[in-house]
file final04.txt (compact mmCIF, N, CA and C atoms)
# COMPACT_ATOMS: atom_id res chain seq x y z
N MET W 1178 137.51 83.19 97.44
CA MET W 1178 137.11 84.45 98.03
C MET W 1178 135.70 84.29 98.61
N VAL W 1179 135.51 84.80 99.79
CA VAL W 1179 134.23 84.73 100.50
C VAL W 1179 133.72 86.14 100.73
N THR W 1180 132.44 86.36 100.48
CA THR W 1180 131.81 87.64 100.79
C THR W 1180 130.95 87.47 102.03
N VAL W 1181 131.13 88.37 102.97
CA VAL W 1181 130.35 88.37 104.21
C VAL W 1181 129.59 89.69 104.29
N ARG W 1182 128.29 89.61 104.51
CA ARG W 1182 127.47 90.81 104.72
C ARG W 1182 127.20 90.96 106.20
N LEU W 1183 127.59 92.11 106.72
CA LEU W 1183 127.42 92.41 108.13
C LEU W 1183 126.35 93.49 108.27
N PHE W 1184 125.35 93.23 109.10
CA PHE W 1184 124.27 94.18 109.37
C PHE W 1184 124.42 94.69 110.80
N VAL W 1185 124.53 96.00 110.95
CA VAL W 1185 124.70 96.62 112.26
C VAL W 1185 123.50 97.54 112.51
N THR W 1186 122.83 97.36 113.65
CA THR W 1186 121.67 98.18 113.99
C THR W 1186 121.75 98.59 115.45
N LEU W 1187 121.08 99.69 115.77
CA LEU W 1187 120.98 100.10 117.16
C LEU W 1187 120.19 99.06 117.94
N LYS W 1188 120.52 98.88 119.19
CA LYS W 1188 119.76 97.96 120.04
C LYS W 1188 118.31 98.46 120.11
N PRO W 1189 117.35 97.54 120.17
CA PRO W 1189 115.94 97.92 120.16
C PRO W 1189 115.54 98.89 121.27
N SER W 1190 116.23 98.85 122.40
CA SER W 1190 115.89 99.72 123.52
C SER W 1190 116.32 101.17 123.31
N LEU W 1191 117.14 101.43 122.29
CA LEU W 1191 117.64 102.79 122.05
C LEU W 1191 116.78 103.52 121.03
N LEU W 1192 116.61 104.80 121.24
CA LEU W 1192 115.87 105.65 120.32
C LEU W 1192 116.67 105.81 119.03
N ASP W 1193 116.00 105.59 117.91
CA ASP W 1193 116.63 105.76 116.60
C ASP W 1193 116.05 107.04 115.98
N SER W 1194 116.70 108.17 116.25
CA SER W 1194 116.17 109.45 115.78
C SER W 1194 116.16 109.54 114.25
N ALA W 1195 117.17 108.98 113.60
CA ALA W 1195 117.19 108.99 112.13
C ALA W 1195 116.03 108.17 111.58
N GLY W 1196 115.78 107.02 112.18
CA GLY W 1196 114.66 106.18 111.75
C GLY W 1196 113.33 106.89 111.96
N ARG W 1197 113.19 107.56 113.08
CA ARG W 1197 111.95 108.29 113.35
C ARG W 1197 111.76 109.42 112.34
N THR W 1198 112.83 110.10 111.97
CA THR W 1198 112.76 111.16 110.96
C THR W 1198 112.33 110.61 109.61
N VAL W 1199 112.91 109.49 109.21
CA VAL W 1199 112.56 108.87 107.93
C VAL W 1199 111.09 108.45 107.93
N ALA W 1200 110.65 107.80 108.99
CA ALA W 1200 109.25 107.35 109.06
C ALA W 1200 108.30 108.55 109.00
N GLY W 1201 108.61 109.61 109.75
CA GLY W 1201 107.77 110.80 109.72
C GLY W 1201 107.72 111.45 108.35
N SER W 1202 108.86 111.52 107.68
CA SER W 1202 108.92 112.12 106.35
C SER W 1202 108.12 111.29 105.34
N LEU W 1203 108.23 109.97 105.42
CA LEU W 1203 107.46 109.12 104.52
C LEU W 1203 105.96 109.30 104.74
N GLN W 1204 105.56 109.41 105.99
CA GLN W 1204 104.14 109.64 106.29
C GLN W 1204 103.67 110.98 105.73
N LYS W 1205 104.50 112.01 105.87
CA LYS W 1205 104.15 113.32 105.33
C LYS W 1205 104.04 113.31 103.81
N LEU W 1206 104.77 112.42 103.17
CA LEU W 1206 104.70 112.28 101.71
C LEU W 1206 103.54 111.41 101.26
N GLY W 1207 102.74 110.94 102.21
CA GLY W 1207 101.55 110.16 101.86
C GLY W 1207 101.72 108.66 101.98
N PHE W 1208 102.83 108.20 102.49
CA PHE W 1208 103.04 106.76 102.67
C PHE W 1208 102.57 106.38 104.08
N ASP W 1209 101.24 106.40 104.25
CA ASP W 1209 100.65 106.20 105.57
C ASP W 1209 100.86 104.80 106.13
N GLU W 1210 101.20 103.86 105.27
CA GLU W 1210 101.40 102.49 105.75
C GLU W 1210 102.67 102.34 106.59
N VAL W 1211 103.59 103.31 106.50
CA VAL W 1211 104.83 103.25 107.26
C VAL W 1211 104.55 103.68 108.70
N GLN W 1212 104.77 102.78 109.62
CA GLN W 1212 104.52 103.05 111.04
C GLN W 1212 105.81 103.26 111.82
N GLY W 1213 106.94 102.93 111.24
CA GLY W 1213 108.21 103.11 111.92
C GLY W 1213 109.36 102.70 111.02
N ALA W 1214 110.54 103.13 111.37
CA ALA W 1214 111.74 102.78 110.61
C ALA W 1214 112.93 102.76 111.56
N ARG W 1215 113.86 101.89 111.28
CA ARG W 1215 115.12 101.83 112.02
C ARG W 1215 116.23 101.88 110.97
N ILE W 1216 117.23 102.67 111.23
CA ILE W 1216 118.34 102.86 110.31
C ILE W 1216 119.54 102.06 110.81
N GLY W 1217 120.24 101.42 109.89
CA GLY W 1217 121.42 100.65 110.26
C GLY W 1217 122.49 100.77 109.19
N LYS W 1218 123.48 99.90 109.29
CA LYS W 1218 124.59 99.88 108.33
C LYS W 1218 124.71 98.49 107.73
N LEU W 1219 125.09 98.46 106.47
CA LEU W 1219 125.46 97.22 105.80
C LEU W 1219 126.92 97.33 105.42
N ILE W 1220 127.71 96.38 105.85
CA ILE W 1220 129.14 96.35 105.52
C ILE W 1220 129.41 95.03 104.80
N GLU W 1221 129.96 95.10 103.60
CA GLU W 1221 130.33 93.88 102.88
C GLU W 1221 131.84 93.72 102.94
N LEU W 1222 132.25 92.55 103.33
CA LEU W 1222 133.67 92.23 103.42
C LEU W 1222 134.01 91.11 102.45
N GLN W 1223 135.10 91.27 101.72
CA GLN W 1223 135.64 90.18 100.91
C GLN W 1223 136.80 89.60 101.70
N MET W 1224 136.73 88.30 101.93
CA MET W 1224 137.73 87.65 102.78
C MET W 1224 138.30 86.42 102.07
N ASP W 1225 139.55 86.12 102.38
CA ASP W 1225 140.18 84.91 101.83
C ASP W 1225 139.48 83.66 102.33
N LYS W 1226 139.11 83.68 103.61
CA LYS W 1226 138.41 82.55 104.23
C LYS W 1226 137.55 83.10 105.36
N PHE W 1227 136.53 82.36 105.73
CA PHE W 1227 135.63 82.79 106.78
C PHE W 1227 135.86 81.96 108.03
N ASP W 1228 135.97 82.67 109.16
CA ASP W 1228 136.08 82.01 110.45
C ASP W 1228 135.12 82.74 111.39
N ASP W 1229 134.15 82.02 111.93
CA ASP W 1229 133.11 82.63 112.75
C ASP W 1229 133.68 83.39 113.95
N ALA W 1230 134.62 82.79 114.64
CA ALA W 1230 135.22 83.43 115.83
C ALA W 1230 135.95 84.72 115.45
N ARG W 1231 136.67 84.70 114.34
CA ARG W 1231 137.39 85.90 113.88
C ARG W 1231 136.42 86.99 113.47
N MET W 1232 135.32 86.60 112.83
CA MET W 1232 134.32 87.57 112.40
C MET W 1232 133.70 88.26 113.62
N LYS W 1233 133.35 87.50 114.64
CA LYS W 1233 132.79 88.08 115.87
C LYS W 1233 133.79 89.03 116.51
N GLU W 1234 135.05 88.65 116.49
CA GLU W 1234 136.09 89.50 117.07
C GLU W 1234 136.20 90.83 116.32
N MET W 1235 136.15 90.77 114.99
CA MET W 1235 136.20 92.00 114.18
C MET W 1235 135.03 92.92 114.52
N CYS W 1236 133.86 92.32 114.66
CA CYS W 1236 132.65 93.11 114.96
C CYS W 1236 132.76 93.76 116.33
N GLN W 1237 133.19 93.01 117.31
CA GLN W 1237 133.26 93.52 118.68
C GLN W 1237 134.36 94.55 118.88
N LYS W 1238 135.43 94.44 118.10
CA LYS W 1238 136.56 95.36 118.28
C LYS W 1238 136.48 96.61 117.41
N LEU W 1239 135.80 96.53 116.26
CA LEU W 1239 135.84 97.68 115.35
C LEU W 1239 134.53 97.94 114.62
N LEU W 1240 133.91 96.94 114.06
CA LEU W 1240 132.82 97.16 113.11
C LEU W 1240 131.49 97.52 113.76
N ALA W 1241 131.30 97.17 115.02
CA ALA W 1241 130.08 97.51 115.74
C ALA W 1241 130.45 97.94 117.15
N ASN W 1242 129.59 98.75 117.73
CA ASN W 1242 129.78 99.14 119.13
C ASN W 1242 128.85 98.27 119.96
N PRO W 1243 129.37 97.24 120.62
CA PRO W 1243 128.50 96.29 121.32
C PRO W 1243 127.70 96.89 122.47
N VAL W 1244 128.05 98.09 122.91
CA VAL W 1244 127.30 98.74 123.98
C VAL W 1244 125.94 99.22 123.46
N ILE W 1245 125.91 99.75 122.23
CA ILE W 1245 124.67 100.31 121.71
C ILE W 1245 124.16 99.65 120.44
N GLU W 1246 124.94 98.75 119.85
CA GLU W 1246 124.55 98.15 118.57
C GLU W 1246 124.52 96.63 118.64
N ASP W 1247 123.62 96.07 117.85
CA ASP W 1247 123.57 94.63 117.61
C ASP W 1247 124.14 94.39 116.23
N PHE W 1248 124.62 93.19 115.99
CA PHE W 1248 125.09 92.86 114.66
C PHE W 1248 124.74 91.42 114.33
N ARG W 1249 124.63 91.18 113.05
CA ARG W 1249 124.47 89.82 112.53
C ARG W 1249 125.16 89.81 111.16
N TYR W 1250 125.53 88.64 110.73
CA TYR W 1250 126.21 88.56 109.44
C TYR W 1250 125.82 87.28 108.74
N GLU W 1251 126.04 87.29 107.42
CA GLU W 1251 125.76 86.12 106.60
C GLU W 1251 126.87 85.96 105.60
N VAL W 1252 127.22 84.73 105.34
CA VAL W 1252 128.22 84.42 104.33
C VAL W 1252 127.47 84.26 103.02
N VAL W 1253 127.86 85.06 102.01
CA VAL W 1253 127.16 85.06 100.73
C VAL W 1253 127.77 84.04 99.78
N ALA W 1254 129.06 84.07 99.63
CA ALA W 1254 129.70 83.13 98.69
C ALA W 1254 131.16 82.98 99.04

call {"tool": "encode", "arguments": {"input": "final04.txt", "output": "structure tokens"}}
result
Amino acid sequence: MVTVRLFVTLKPSLLDSAGRTVAGSLQKLGFDEVQGARIGKLIELQMDKFDDARMKEMCQKLLANPVIEDFRYEVVA
């Protein structure tokens, strides 16, 4: 069994309103060191076997929106 961690984030050129809200709230709570935040998704998949081409296909077809999101993944075990 293989575990794959997939990280999906908005492309840097897009406004992340949720991230901006979190950063602003943290600053209001006194965490002045926070200058910005970006919100994303973590998806963990348990797979029988890992195939890089198949993983990219899954991301492009369902797990991420390639128009507005970037993705990267790592094989854990």

call {"tool": "residues_around", "arguments": {"input": "final04.txt", "residues": "Asp1247 (chain W)", "least_positions_apart": "2", "cutoff": "8 Å", "atoms": "only N, CA and C atoms", "output": "MDAnalysis selection string"}}
result
chainID W and resid 1184:1189 1241:1245 1249

call {"tool": "residues_around", "arguments": {"input": "final04.txt", "residues": "region 1194-1206 of chain W", "least_positions_apart": "3", "cutoff": "9 Å", "atoms": "only C-alpha atoms", "output": "list of chain:residue names"}}
result
W:Asp1209, W:Glu1210, W:Val1211, W:Gln1212, W:Gly1213, W:Ala1214, W:Arg1215, W:Ile1216, W:Gly1217

call {"tool": "closest_residue", "arguments": {"input": "final04.txt", "among": "W:Val1252, W:Leu1183, W:Met1235, W:Leu1192", "to": "Leu1219 (chain W)", "atoms": "all atoms listed in the file"}}
result
W:Leu1183

call {"tool": "atom_distance", "arguments": {"input": "final04.txt", "atom1": "CA of Glu1221 (chain W)", "atom2": "CA of Leu1191 (chain W)"}}
result
24.7 Å

call {"tool": "residues_around", "arguments": {"input": "final04.txt", "residues": "region 1180-1182 of chain W", "least_positions_apart": "4", "cutoff": "5 Å", "atoms": "all atoms listed in the file", "output": "list in words"}}
result
Ile1220, Glu1221, Leu1222, Gln1223, Met1224, Tyr1250, Glu1251, Val1252, Val1253 and Ala1254 of chain W

call {"tool": "select_by_dssp", "arguments": {"input": "final04.txt", "residues": "chain W", "states": "alpha helix (DSSP H)", "output": "list of chain:residue names"}}
result
W:Ser1194, W:Ala1195, W:Gly1196, W:Arg1197, W:Thr1198, W:Val1199, W:Ala1200, W:Gly1201, W:Ser1202, W:Leu1203, W:Gln1204, W:Lys1205, W:Asp1229, W:Ala1230, W:Arg1231, W:Met1232, W:Lys1233, W:Glu1234, W:Met1235

call {"tool": "atom_distance", "arguments": {"input": "final04.txt", "atom1": "CA of Met1232 (chain W)", "atom2": "atom C of Glu1246 (chain W)"}}
result
14.7 Å

call {"tool": "select_by_dssp", "arguments": {"input": "final04.txt", "residues": "region 1216-1254 of chain W", "states": "strand (DSSP E)", "output": "JSON, numbers by chain"}}
result
{"W": [1217, 1218, 1219, 1220, 1221, 1222, 1223, 1224, 1246, 1247, 1248, 1249, 1250, 1251, 1252]}

call {"tool": "atom_distance", "arguments": {"input": "final04.txt", "atom1": "CA of Lys1226 (chain W)", "atom2": "CA of Val1179 (chain W)"}}
result
6.0 Å

call {"tool": "closest_residue", "arguments": {"input": "final04.txt", "among": "W:Ala1230, W:Phe1248, W:Leu1239, W:Asp1193", "to": "Lys1218 (chain W)", "atoms": "only C-alpha atoms"}}
result
W:Phe1248
